[in-house]
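entry-v5.pdb (PDB, C-alpha atoms)
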```
ATOM      1  CA  MET A   1     157.770  76.326-165.981
ATOM      2  CA  THR A   2     154.059  76.635-165.125
ATOM      3  CA  ALA A   3     153.036  75.242-161.738
ATOM      4  CA  THR A   4     150.720  72.232-161.952
ATOM      5  CA  PRO A   5     148.484  70.798-159.187
ATOM      6  CA  PHE A   6     149.171  67.162-158.326
ATOM      7  CA  PRO A   7     147.539  64.597-155.997
ATOM      8  CA  ASP A   8     148.708  64.330-152.399
ATOM      9  CA  ALA A   9     150.246  60.900-153.077
ATOM     10  CA  VAL A  10     152.518  62.438-155.700
ATOM     11  CA  HIS A  11     153.618  65.169-153.297
ATOM     12  CA  LYS A  12     154.350  62.559-150.624
ATOM     13  CA  VAL A  13     156.765  60.684-152.893
ATOM     14  CA  ALA A  14     158.325  63.956-154.038
ATOM     15  CA  ASP A  15     158.875  64.975-150.418
ATOM     16  CA  THR A  16     160.579  61.645-149.681
ATOM     17  CA  LEU A  17     163.061  62.146-152.510
ATOM     18  CA  ALA A  18     163.610  65.820-151.696
ATOM     19  CA  GLN A  19     164.354  64.977-148.075
ATOM     20  CA  ALA A  20     166.924  62.358-149.128
ATOM     21  CA  GLU A  21     168.711  64.949-151.242
ATOM     22  CA  ARG A  22     168.487  67.615-148.548
ATOM     23  CA  THR A  23     169.780  65.396-145.719
ATOM     24  CA  GLY A  24     172.255  63.333-147.736
ATOM     25  CA  ILE A  25     170.607  60.140-146.475
ATOM     26  CA  PRO A  26     169.294  57.870-149.269
ATOM     27  CA  CYS A  27     165.694  56.712-148.911
ATOM     28  CA  PRO A  28     164.083  53.313-149.574
ATOM     29  CA  PRO A  29     162.659  52.701-153.060
ATOM     30  CA  VAL A  30     159.537  54.750-153.741
ATOM     31  CA  ARG A  31     157.921  52.325-156.187
ATOM     32  CA  ASP A  32     155.718  50.787-153.474
ATOM     33  CA  GLN A  33     154.077  54.176-152.974
ATOM     34  CA  MET A  34     152.803  54.166-156.567
ATOM     35  CA  ALA A  35     150.895  51.698-158.690
ATOM     36  CA  ALA A  36     153.127  49.108-160.315
ATOM     37  CA  GLY A  37     154.617  50.487-163.495
ATOM     38  CA  ASP A  38     152.844  53.839-163.195
ATOM     39  CA  ILE A  39     155.377  55.858-165.149
ATOM     40  CA  ALA A  40     152.957  58.766-165.554
ATOM     41  CA  ALA A  41     152.777  59.153-161.766
ATOM     42  CA  ALA A  42     156.568  58.924-161.575
ATOM     43  CA  TYR A  43     156.927  61.786-164.068
ATOM     44  CA  ALA A  44     154.429  63.771-161.990
ATOM     45  CA  VAL A  45     156.695  63.286-158.946
ATOM     46  CA  GLN A  46     159.672  64.418-161.009
ATOM     47  CA  ARG A  47     157.828  67.527-162.123
ATOM     48  CA  VAL A  48     156.859  68.463-158.548
ATOM     49  CA  ASN A  49     160.487  68.536-157.444
ATOM     50  CA  VAL A  50     161.632  70.345-160.580
ATOM     51  CA  GLN A  51     158.952  72.994-160.049
ATOM     52  CA  HIS A  52     160.060  73.358-156.432
ATOM     53  CA  ARG A  53     163.651  73.960-157.489
ATOM     54  CA  VAL A  54     162.528  76.553-160.016
ATOM     55  CA  THR A  55     160.596  78.437-157.319
ATOM     56  CA  GLN A  56     163.841  78.469-155.309
ATOM     57  CA  GLY A  57     165.629  80.284-158.122
ATOM     58  CA  ARG A  58     167.030  77.489-160.250
ATOM     59  CA  ARG A  59     166.490  77.462-163.997
ATOM     60  CA  VAL A  60     165.736  74.555-166.318
ATOM     61  CA  VAL A  61     168.524  74.578-168.926
ATOM     62  CA  GLY A  62     167.718  71.386-170.815
ATOM     63  CA  ARG A  63     166.995  67.676-170.550
ATOM     64  CA  LYS A  64     168.896  64.426-170.136
ATOM     65  CA  ILE A  65     167.984  61.132-171.750
ATOM     66  CA  GLY A  66     168.445  57.919-169.790
ATOM     67  CA  LEU A  67     167.981  54.203-170.388
ATOM     68  CA  THR A  68     169.382  54.398-173.915
ATOM     69  CA  SER A  69     171.114  51.029-173.523
ATOM     70  CA  PRO A  70     169.014  48.008-174.590
ATOM     71  CA  ALA A  71     170.674  45.951-171.849
ATOM     72  CA  VAL A  72     169.606  48.410-169.153
ATOM     73  CA  GLN A  73     166.112  48.604-170.634
ATOM     74  CA  ARG A  74     165.809  44.823-170.379
ATOM     75  CA  GLN A  75     167.092  44.941-166.808
ATOM     76  CA  LEU A  76     164.363  47.409-165.776
ATOM     77  CA  GLY A  77     161.664  45.819-167.919
ATOM     78  CA  VAL A  78     161.037  48.779-170.237
ATOM     79  CA  ASP A  79     161.156  49.295-173.978
ATOM     80  CA  GLN A  80     161.879  53.028-174.146
ATOM     81  CA  PRO A  81     164.246  55.608-172.702
ATOM     82  CA  ASP A  82     163.352  58.060-169.963
ATOM     83  CA  TYR A  83     164.214  61.697-169.390
ATOM     84  CA  GLY A  84     164.955  64.164-166.621
ATOM     85  CA  ALA A  85     165.433  67.914-166.268
ATOM     86  CA  LEU A  86     168.801  69.659-166.252
ATOM     87  CA  LEU A  87     168.926  72.643-163.910
ATOM     88  CA  SER A  88     171.325  75.553-163.706
ATOM     89  CA  ASP A  89     172.795  74.410-160.389
ATOM     90  CA  MET A  90     173.776  71.038-161.871
ATOM     91  CA  VAL A  91     176.486  72.489-164.129
ATOM     92  CA  VAL A  92     180.158  71.820-163.291
ATOM     93  CA  ALA A  93     182.914  73.571-165.230
ATOM     94  CA  ASP A  94     185.196  71.519-167.466
ATOM     95  CA  GLY A  95     188.173  70.578-165.282
ATOM     96  CA  GLY A  96     186.283  71.430-162.101
ATOM     97  CA  VAL A  97     186.310  69.512-158.835
ATOM     98  CA  ILE A  98     183.128  68.244-157.168
ATOM     99  CA  PRO A  99     183.246  68.610-153.390
ATOM    100  CA  VAL A 100     182.800  65.540-151.193
ATOM    101  CA  GLY A 101     179.229  65.356-149.971
ATOM    102  CA  ARG A 102     177.715  67.189-152.956
ATOM    103  CA  LEU A 103     176.190  63.892-154.157
ATOM    104  CA  LEU A 104     174.965  60.751-152.418
ATOM    105  CA  GLN A 105     176.018  57.793-154.597
ATOM    106  CA  PRO A 106     177.705  59.212-157.703
ATOM    107  CA  LYS A 107     178.481  57.308-160.856
ATOM    108  CA  ILE A 108     179.812  58.774-164.086
ATOM    109  CA  GLU A 109     179.274  58.234-167.804
ATOM    110  CA  ALA A 110     180.364  59.903-171.029
ATOM    111  CA  GLU A 111     177.880  61.298-173.535
ATOM    112  CA  VAL A 112     177.341  63.547-176.519
ATOM    113  CA  ALA A 113     175.672  66.839-175.610
ATOM    114  CA  LEU A 114     173.655  68.824-178.146
ATOM    115  CA  VAL A 115     172.907  72.531-177.739
ATOM    116  CA  LEU A 116     169.876  73.763-179.650
ATOM    117  CA  GLY A 117     169.756  76.913-181.727
ATOM    118  CA  ALA A 118     166.053  76.577-182.581
ATOM    119  CA  ASP A 119     162.854  75.227-181.028
ATOM    120  CA  LEU A 120     161.650  71.677-181.716
ATOM    121  CA  PRO A 121     157.870  72.003-181.313
ATOM    122  CA  HIS A 122     156.769  69.287-183.762
ATOM    123  CA  ALA A 123     154.983  66.237-182.351
ATOM    124  CA  GLU A 124     156.714  63.958-184.858
ATOM    125  CA  PRO A 125     160.137  65.477-185.564
ATOM    126  CA  THR A 126     162.520  63.929-188.047
ATOM    127  CA  VAL A 127     166.281  63.566-187.841
ATOM    128  CA  ALA A 128     166.424  66.422-190.362
ATOM    129  CA  ASP A 129     164.405  68.617-187.974
ATOM    130  CA  VAL A 130     166.859  67.865-185.186
ATOM    131  CA  LEU A 131     169.867  68.509-187.414
ATOM    132  CA  ARG A 132     168.473  71.913-188.377
ATOM    133  CA  ALA A 133     167.725  72.779-184.753
ATOM    134  CA  VAL A 134     171.091  71.786-183.263
ATOM    135  CA  ASP A 135     173.565  74.645-183.007
ATOM    136  CA  PHE A 136     176.575  72.552-181.954
ATOM    137  CA  ALA A 137     177.713  69.397-180.154
ATOM    138  CA  LEU A 138     180.049  68.948-177.188
ATOM    139  CA  PRO A 139     181.613  66.054-175.296
ATOM    140  CA  ALA A 140     179.971  65.679-171.894
ATOM    141  CA  LEU A 141     180.243  63.856-168.600
ATOM    142  CA  GLU A 142     177.090  63.103-166.685
ATOM    143  CA  ILE A 143     177.479  62.376-162.999
ATOM    144  CA  VAL A 144     174.382  60.363-162.227
ATOM    145  CA  ASP A 145     173.151  59.965-158.673
ATOM    146  CA  SER A 146     170.339  58.205-156.871
ATOM    147  CA  ARG A 147     168.409  59.300-153.851
ATOM    148  CA  ILE A 148     167.344  55.633-153.557
ATOM    149  CA  ALA A 149     169.502  53.602-151.160
ATOM    150  CA  GLY A 150     171.900  51.216-152.885
ATOM    151  CA  TRP A 151     170.652  52.151-156.353
ATOM    152  CA  ASP A 152     167.764  49.715-155.758
ATOM    153  CA  ILE A 153     165.688  51.099-158.598
ATOM    154  CA  THR A 154     163.060  50.206-161.144
ATOM    155  CA  ILE A 155     161.862  52.442-163.978
ATOM    156  CA  VAL A 156     159.340  54.075-161.621
ATOM    157  CA  ASP A 157     162.019  54.899-159.038
ATOM    158  CA  THR A 158     164.467  56.435-161.491
ATOM    159  CA  VAL A 159     161.853  58.491-163.354
ATOM    160  CA  ALA A 160     160.472  59.885-160.093
ATOM    161  CA  ASP A 161     164.056  60.685-159.049
ATOM    162  CA  ASN A 162     164.550  62.978-162.069
ATOM    163  CA  ALA A 163     166.011  60.105-164.087
ATOM    164  CA  SER A 164     168.747  59.680-161.451
ATOM    165  CA  SER A 165     170.243  63.044-162.371
ATOM    166  CA  GLY A 166     173.133  64.548-160.453
ATOM    167  CA  LEU A 167     175.519  66.954-162.174
ATOM    168  CA  PHE A 168     176.991  67.371-165.655
ATOM    169  CA  VAL A 169     180.108  68.749-167.311
ATOM    170  CA  LEU A 170     180.355  70.114-170.854
ATOM    171  CA  GLY A 171     183.511  70.363-172.933
ATOM    172  CA  GLY A 172     184.494  73.846-173.993
ATOM    173  CA  ALA A 173     185.054  73.551-177.750
ATOM    174  CA  PRO A 174     181.786  73.536-179.777
ATOM    175  CA  VAL A 175     181.707  71.329-182.870
ATOM    176  CA  ALA A 176     179.366  71.871-185.817
ATOM    177  CA  ILE A 177     176.896  68.990-186.061
ATOM    178  CA  THR A 178     177.522  68.747-189.815
ATOM    179  CA  SER A 179     181.233  68.018-189.341
ATOM    180  CA  VAL A 180     180.940  64.738-187.413
ATOM    181  CA  ASP A 181     178.991  61.501-187.814
ATOM    182  CA  LEU A 182     177.696  60.999-184.278
ATOM    183  CA  ARG A 183     176.869  57.350-184.954
ATOM    184  CA  SER A 184     180.515  56.466-185.468
ATOM    185  CA  VAL A 185     182.235  58.503-182.760
ATOM    186  CA  GLN A 186     184.440  56.494-180.393
ATOM    187  CA  MET A 187     184.419  57.200-176.655
ATOM    188  CA  THR A 188     187.024  56.364-174.030
ATOM    189  CA  LEU A 189     186.541  57.238-170.359
ATOM    190  CA  THR A 190     189.546  57.108-168.028
ATOM    191  CA  ARG A 191     189.901  57.346-164.254
ATOM    192  CA  ASP A 192     193.295  58.682-163.186
ATOM    193  CA  GLY A 193     194.593  57.732-166.651
ATOM    194  CA  GLU A 194     193.247  54.156-166.628
ATOM    195  CA  LYS A 195     190.467  53.203-169.067
ATOM    196  CA  VAL A 196     187.237  52.315-167.266
ATOM    197  CA  SER A 197     184.627  52.575-170.039
ATOM    198  CA  GLU A 198     184.423  52.722-173.802
ATOM    199  CA  GLY A 199     181.761  52.762-176.484
ATOM    200  CA  ARG A 200     180.583  54.367-179.687
ATOM    201  CA  GLY A 201     177.798  56.607-180.868
ATOM    202  CA  SER A 202     175.744  53.748-182.249
ATOM    203  CA  ASP A 203     175.522  52.276-178.728
ATOM    204  CA  CYS A 204     173.109  55.102-177.841
ATOM    205  CA  LEU A 205     169.814  54.078-179.495
ATOM    206  CA  GLY A 206     171.678  53.606-182.760
ATOM    207  CA  GLY A 207     173.027  57.159-182.561
ATOM    208  CA  PRO A 208     172.647  60.283-180.399
ATOM    209  CA  LEU A 209     170.421  61.944-182.990
ATOM    210  CA  ASN A 210     167.916  59.097-182.645
ATOM    211  CA  ALA A 211     167.829  59.730-178.905
ATOM    212  CA  ALA A 212     167.265  63.438-179.509
ATOM    213  CA  VAL A 213     164.391  62.692-181.907
ATOM    214  CA  TRP A 214     162.743  60.514-179.250
ATOM    215  CA  LEU A 215     163.085  63.238-176.632
ATOM    216  CA  ALA A 216     161.835  66.014-178.904
ATOM    217  CA  SER A 217     158.800  63.956-179.878
ATOM    218  CA  THR A 218     157.998  62.956-176.299
ATOM    219  CA  LEU A 219     158.247  66.486-174.903
ATOM    220  CA  ALA A 220     156.331  68.080-177.790
ATOM    221  CA  ALA A 221     153.475  65.612-177.276
ATOM    222  CA  MET A 222     153.345  66.722-173.616
ATOM    223  CA  GLY A 223     153.159  70.389-174.561
ATOM    224  CA  ASP A 224     156.621  71.132-173.137
ATOM    225  CA  PRO A 225     158.870  71.092-176.220
ATOM    226  CA  LEU A 226     162.599  71.562-176.436
ATOM    227  CA  ARG A 227     163.529  75.213-176.982
ATOM    228  CA  ALA A 228     166.416  77.152-178.477
ATOM    229  CA  GLY A 229     169.271  77.245-175.996
ATOM    230  CA  ASP A 230     168.384  73.916-174.372
ATOM    231  CA  ILE A 231     171.153  71.446-173.581
ATOM    232  CA  VAL A 232     170.373  67.823-174.409
ATOM    233  CA  LEU A 233     172.446  65.032-172.885
ATOM    234  CA  THR A 234     171.729  62.240-175.335
ATOM    235  CA  GLY A 235     172.650  59.211-173.221
ATOM    236  CA  ALA A 236     175.638  57.126-172.225
ATOM    237  CA  LEU A 237     177.994  55.853-174.913
ATOM    238  CA  GLY A 238     179.375  53.154-172.602
ATOM    239  CA  PRO A 239     178.944  51.622-169.156
ATOM    240  CA  MET A 240     178.868  53.981-166.192
ATOM    241  CA  THR A 241     181.380  53.610-163.390
ATOM    242  CA  VAL A 242     181.385  54.483-159.694
ATOM    243  CA  ALA A 243     183.039  57.784-158.765
ATOM    244  CA  SER A 244     184.970  57.942-155.479
ATOM    245  CA  PRO A 245     186.666  60.790-153.582
ATOM    246  CA  GLY A 246     190.000  61.688-155.158
ATOM    247  CA  ASP A 247     189.145  60.320-158.611
ATOM    248  CA  THR A 248     189.773  62.300-161.784
ATOM    249  CA  PHE A 249     187.887  61.349-164.936
ATOM    250  CA  GLU A 250     188.451  62.342-168.547
ATOM    251  CA  ALA A 251     186.344  61.404-171.547
ATOM    252  CA  ARG A 252     187.630  61.593-175.094
ATOM    253  CA  ILE A 253     185.126  61.385-177.926
ATOM    254  CA  SER A 254     186.517  61.253-181.451
ATOM    255  CA  GLY A 255     185.574  64.290-183.494
ATOM    256  CA  LEU A 256     184.355  66.169-180.406
ATOM    257  CA  GLY A 257     187.366  66.435-178.114
ATOM    258  CA  SER A 258     187.656  65.837-174.391
ATOM    259  CA  VAL A 259     186.076  66.814-171.074
ATOM    260  CA  ARG A 260     187.402  66.352-167.544
ATOM    261  CA  VAL A 261     186.218  66.474-163.928
ATOM    262  CA  GLY A 262     187.627  65.621-160.503
ATOM    263  CA  PHE A 263     186.115  64.507-157.216
ATOM    264  CA  GLY A 264     187.430  66.147-154.075
ATOM    265  CA  PRO A 265     189.281  64.004-151.522
ATOM    266  CA  HIS A 266     187.895  63.115-148.118
ATOM    267  CA  VAL A 267     188.414  65.920-145.613
ATOM    268  CA  SER A 268     190.556  64.867-142.659
ATOM    269  CA  THR A 269     188.754  64.719-139.331
ATOM    270  CA  THR A 270     191.971  64.639-137.288
ATOM    271  CA  PRO A 271     191.675  67.009-134.296
ATOM    272  CA  GLU A 272     193.693  70.179-134.493
ATOM    273  CA  GLN A 273     197.072  69.900-132.822
ATOM    274  CA  GLY A 274     196.982  73.026-130.730
ATOM    275  CA  ASP A 275     198.300  73.922-127.289
ATOM    276  CA  GLN A 276     201.402  71.759-127.703
ATOM    277  CA  LYS A 277     203.973  72.054-124.941
TER
END
```

This structure in structure tokens:
Amino acid sequence: MTATPFPDAVHKVADTLAQAERTGIPCPPVRDQMAAGDIAAAYAVQRVNVQHRVTQGRRVVGRKIGLTSPAVQRQLGVDQPDYGALLSDMVVADGGVIPVGRLLQPKIEAEVALVLGADLPHAEPTVADVLRAVDFALPALEIVDSRIAGWDITIVDTVADNASSGLFVLGGAPVAITSVDLRSVQMTLTRDGEKVSEGRGSDCLGGPLNAAVWLASTLAAMGDPLRAGDIVLTGALGPMTVASPGDTFEARISGLGSVRVGFGPHVSTTPEQGDQK
């Protein structure tokens, strides 16, 4: 990713969010530090922090799409999705356990992930272009997080905060995109065996491929198109739910399989019982 100069005000907001992540202490909303509804400035903040992570040795491995639910769009007063960067240090293995303290305010949602086998450089891609470019699909869990205290966010806050990205988990059994209708897949998300969320492919902008078309078009117009090898998290298929220490989540998506992740328990702070007589 090529470094880009940005105004001091953008760097100030980026530093606020970076400090919240570094210290584990959520910050107040950052929207008051930018013009109302200035989504372009918010994406500039996002890019500053992504560039910083890349200079530290991380690698951009794809993109996530957020705000694919019409209800959430209405809540935040927007009429389009948003996106964030996926970095190499955000990957959690299927069946892995996330240590306590790794995230600030985690929530979890189930999605369809697409892995590209070809570039998508066209400014106005079609669904057919996306179908040709996708190598395979996987079930995925996205663990979203917010550096903003209490999830008190507007569209500007979440975009600046890398679309409230946290971590993600991919299932391990690739499925050919031609063998499943992603609009009709059914998703069930369980916590410790109890259902906490459900949905279908059509709940994500009418289908995950529609979300991917939007992302490909948006990024190509910015001169930063999706490339072969990129992972695309296409957006939640159902409501997200809070993740707490000790929880284990599993998502099952018809035609794609399952994916699982756990959250480590609280570490005991009981003093060591030494020197007993």

Could you tell me, as a compact mmCIF listing (two decimals) with C-alpha atoms, keeping the file's coordinate frame, exactly which residues end up selected when the PyMOL selection byres ((chain A and resi 56-63) around 7) is applied to this structure?
```txt
# COMPACT_ATOMS: atom_id res chain seq x y z
CA HIS A 52 160.06 73.36 -156.43
CA ARG A 53 163.65 73.96 -157.49
CA VAL A 54 162.53 76.55 -160.02
CA THR A 55 160.60 78.44 -157.32
CA LYS A 64 168.90 64.43 -170.14
CA ILE A 65 167.98 61.13 -171.75
CA TYR A 83 164.21 61.70 -169.39
CA GLY A 84 164.96 64.16 -166.62
CA ALA A 85 165.43 67.91 -166.27
CA LEU A 86 168.80 69.66 -166.25
CA LEU A 87 168.93 72.64 -163.91
CA SER A 88 171.32 75.55 -163.71
CA ASP A 89 172.80 74.41 -160.39
CA ASP A 230 168.38 73.92 -174.37
CA ILE A 231 171.15 71.45 -173.58
CA VAL A 232 170.37 67.82 -174.41
CA LEU A 233 172.45 65.03 -172.88
```

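Using only C-alpha atoms for every distance, the candidate list A:Ala236, A:Ala9, A:Val169, A:Leu120 yields A:Val169 as the residue closest to A:Met90.
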
Starting from the PyMOL selection byres ((chain A and resi 68) around 6), expand the selection into actual residues of this file and give them as a list in words.
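Checking the PyMOL selection byres ((chain A and resi 68) around 6) against this file, the residues are Gly66, Leu67, Ser69, Pro81, Cys204, Leu205 and Gly235 of chain A.
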
Which one is closest to A:Pro29: A:Ala216, A:Leu17, A:Ile148, A:Val196? Count all atoms listed in the file.
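With all atoms listed in the file as the atom set, the closest residue is A:Ile148.
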
Atom CA of A:Thr234 to atom CA of A:Ala211, straight-line distance in Å
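So the two atoms, atom CA of A:Ala211 and atom CA of A:Thr234, lie 5.9 Å apart.
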
Nearest to A:Thr248, chosen from A:Asp135, A:Asp129, A:Asp94, A:Asp32, with only C-alpha atoms counted in the distances
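That would be A:Asp94, the residue with the smallest distance to A:Thr248.
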
Please list as a PyMOL selection string every residue within 9 Å of stretch 251-267 of chain A, counting all atoms listed in the file and excluding residues in the same chain fewer than 6 positions away.
chain A and resi 92-100+109-112+137-141+169-175+179-182+184-190+200+243-245

Writer output for current selection, C-alpha atoms, as a PDB file, in the coordinates of the input:
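Saved to again.pdb:
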```
ATOM      1  CA  VAL A  92     180.158  71.820-163.291  1.00  0.00           C
ATOM      2  CA  ALA A  93     182.914  73.571-165.230  1.00  0.00           C
ATOM      3  CA  ASP A  94     185.196  71.519-167.466  1.00  0.00           C
ATOM      4  CA  GLY A  95     188.173  70.578-165.282  1.00  0.00           C
ATOM      5  CA  GLY A  96     186.283  71.430-162.101  1.00  0.00           C
ATOM      6  CA  VAL A  97     186.310  69.512-158.835  1.00  0.00           C
ATOM      7  CA  ILE A  98     183.128  68.244-157.168  1.00  0.00           C
ATOM      8  CA  PRO A  99     183.246  68.610-153.390  1.00  0.00           C
ATOM      9  CA  VAL A 100     182.800  65.540-151.193  1.00  0.00           C
ATOM     10  CA  GLU A 109     179.274  58.234-167.804  1.00  0.00           C
ATOM     11  CA  ALA A 110     180.364  59.903-171.029  1.00  0.00           C
ATOM     12  CA  GLU A 111     177.880  61.298-173.535  1.00  0.00           C
ATOM     13  CA  VAL A 112     177.341  63.547-176.519  1.00  0.00           C
ATOM     14  CA  ALA A 137     177.713  69.397-180.154  1.00  0.00           C
ATOM     15  CA  LEU A 138     180.049  68.948-177.188  1.00  0.00           C
ATOM     16  CA  PRO A 139     181.613  66.054-175.296  1.00  0.00           C
ATOM     17  CA  ALA A 140     179.971  65.679-171.894  1.00  0.00           C
ATOM     18  CA  LEU A 141     180.243  63.856-168.600  1.00  0.00           C
ATOM     19  CA  VAL A 169     180.108  68.749-167.311  1.00  0.00           C
ATOM     20  CA  LEU A 170     180.355  70.114-170.854  1.00  0.00           C
ATOM     21  CA  GLY A 171     183.511  70.363-172.933  1.00  0.00           C
ATOM     22  CA  GLY A 172     184.494  73.846-173.993  1.00  0.00           C
ATOM     23  CA  ALA A 173     185.054  73.551-177.750  1.00  0.00           C
ATOM     24  CA  PRO A 174     181.786  73.536-179.777  1.00  0.00           C
ATOM     25  CA  VAL A 175     181.707  71.329-182.870  1.00  0.00           C
ATOM     26  CA  SER A 179     181.233  68.018-189.341  1.00  0.00           C
ATOM     27  CA  VAL A 180     180.940  64.738-187.413  1.00  0.00           C
ATOM     28  CA  ASP A 181     178.991  61.501-187.814  1.00  0.00           C
ATOM     29  CA  LEU A 182     177.696  60.999-184.278  1.00  0.00           C
ATOM     30  CA  SER A 184     180.515  56.466-185.468  1.00  0.00           C
ATOM     31  CA  VAL A 185     182.235  58.503-182.760  1.00  0.00           C
ATOM     32  CA  GLN A 186     184.440  56.494-180.393  1.00  0.00           C
ATOM     33  CA  MET A 187     184.419  57.200-176.655  1.00  0.00           C
ATOM     34  CA  THR A 188     187.024  56.364-174.030  1.00  0.00           C
ATOM     35  CA  LEU A 189     186.541  57.238-170.359  1.00  0.00           C
ATOM     36  CA  THR A 190     189.546  57.108-168.028  1.00  0.00           C
ATOM     37  CA  ARG A 200     180.583  54.367-179.687  1.00  0.00           C
ATOM     38  CA  ALA A 243     183.039  57.784-158.765  1.00  0.00           C
ATOM     39  CA  SER A 244     184.970  57.942-155.479  1.00  0.00           C
ATOM     40  CA  PRO A 245     186.666  60.790-153.582  1.00  0.00           C
TER      41      PRO A 245
END
```

Taking into account all atoms listed in the file, which residue in the set A:Ala35, A:Pro26, A:Val156, A:His122 is nearest to A:Gln105?
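Between A:Ala35, A:Pro26, A:Val156, A:His122, the residue approaching A:Gln105 most closely is A:Pro26.
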
If the PyMOL selection byres ((chain A and resi 10) around 10) is run on the structure shown, which residues does it catch, given as a list in words?
Pro5, Phe6, Pro7, Asp8, Ala9, His11, Lys12, Val13, Ala14, Asp15, Gln33, Met34, Ala41, Ala42, Tyr43, Ala44, Val45, Gln46, Arg47, Val48 and Ala160 of chain A

Taking into account only C-alpha atoms, which residue in the set A:Thr178, A:Ser164, A:Ser146, A:Ser197 is nearest to A:Val134?
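Ranked by minimum distance to A:Val134, first place goes to A:Thr178.
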
Centre and size of axis-aligned box enclosing stretch 32-48 of chain A plus 5 Å each side, as lines of an AutoDock Vina configuration file:
```
center_x = 155.3
center_y = 58.8
center_z = -159.3
size_x = 18.8
size_y = 29.4
size_z = 22.6
```

Select, from A:Ile155, A:Val242, A:Leu76, A:Ala221, the residue with the minimum atom-to-atom distance to A:Ala123, counting only C-alpha atoms.
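The closest residue to A:Ala123 is A:Ala221.
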
Between atom CA of A:Asp82 and atom CA of A:Ala163 lies a distance of 6.8 Å

Suppose you want the space between atom CA of A:Pro28 and atom CA of A:Val72; what is it in Å?
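Between atom CA of A:Pro28 and atom CA of A:Val72 the gap works out to 20.9 Å.
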
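Around stretch 124-126 of chain A, within 10 Å and counting all atoms listed in the file, the residues found are Leu120, Pro121, Asp129, Val130, Leu131, Arg132, Leu209, Asn210, Ala212, Val213, Trp214, Leu215, Ala216, Ser217, Thr218, Ala220 and Ala221 of chain A, once anything fewer than 3 positions away on its own chain is removed.
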
Just to be explicit: take each residue in the selection above, keep C-alpha atoms, and write the result as an mmCIF file, in the coordinates of the input.
```
data_model
loop_
_atom_site.group_PDB
_atom_site.id
_atom_site.type_symbol
_atom_site.label_atom_id
_atom_site.label_comp_id
_atom_site.auth_asym_id
_atom_site.auth_seq_id
_atom_site.Cartn_x
_atom_site.Cartn_y
_atom_site.Cartn_z
ATOM 1 C CA LEU A 120 161.650 71.677 -181.716
ATOM 2 C CA PRO A 121 157.870 72.003 -181.313
ATOM 3 C CA ASP A 129 164.405 68.617 -187.974
ATOM 4 C CA VAL A 130 166.859 67.865 -185.186
ATOM 5 C CA LEU A 131 169.867 68.509 -187.414
ATOM 6 C CA ARG A 132 168.473 71.913 -188.377
ATOM 7 C CA LEU A 209 170.421 61.944 -182.990
ATOM 8 C CA ASN A 210 167.916 59.097 -182.645
ATOM 9 C CA ALA A 212 167.265 63.438 -179.509
ATOM 10 C CA VAL A 213 164.391 62.692 -181.907
ATOM 11 C CA TRP A 214 162.743 60.514 -179.250
ATOM 12 C CA LEU A 215 163.085 63.238 -176.632
ATOM 13 C CA ALA A 216 161.835 66.014 -178.904
ATOM 14 C CA SER A 217 158.800 63.956 -179.878
ATOM 15 C CA THR A 218 157.998 62.956 -176.299
ATOM 16 C CA ALA A 220 156.331 68.080 -177.790
ATOM 17 C CA ALA A 221 153.475 65.612 -177.276
#
```

Mind filling out stretch 128-137 of chain A with N, CA and C atoms and sending it as a tab-separated table (two decimals), keeping the file's coordinate frame?
```tsv
chain	number	residue	atom	x	y	z
A	128	ALA	N	166.11	65.16	-189.68
A	128	ALA	CA	166.42	66.42	-190.36
A	128	ALA	C	166.00	67.62	-189.52
A	129	ASP	N	164.84	67.53	-188.85
A	129	ASP	CA	164.40	68.62	-187.97
A	129	ASP	C	165.42	68.85	-186.86
A	130	VAL	N	165.89	67.75	-186.27
A	130	VAL	CA	166.86	67.86	-185.19
A	130	VAL	C	168.17	68.45	-185.69
A	131	LEU	N	168.63	67.99	-186.85
A	131	LEU	CA	169.87	68.51	-187.41
A	131	LEU	C	169.78	70.02	-187.65
A	132	ARG	N	168.64	70.48	-188.14
A	132	ARG	CA	168.47	71.91	-188.38
A	132	ARG	C	168.42	72.70	-187.07
A	133	ALA	N	167.90	72.07	-186.02
A	133	ALA	CA	167.72	72.78	-184.75
A	133	ALA	C	168.99	72.83	-183.91
A	134	VAL	N	169.89	71.85	-184.10
A	134	VAL	CA	171.09	71.79	-183.26
A	134	VAL	C	172.09	72.85	-183.70
A	135	ASP	N	172.56	73.63	-182.72
A	135	ASP	CA	173.56	74.64	-183.01
A	135	ASP	C	174.96	74.03	-183.03
A	136	PHE	N	175.27	73.21	-182.00
A	136	PHE	CA	176.58	72.55	-181.95
A	136	PHE	C	176.53	71.38	-180.98
A	137	ALA	N	177.57	70.55	-181.04
A	137	ALA	CA	177.71	69.40	-180.15
A	137	ALA	C	178.95	69.57	-179.28
```
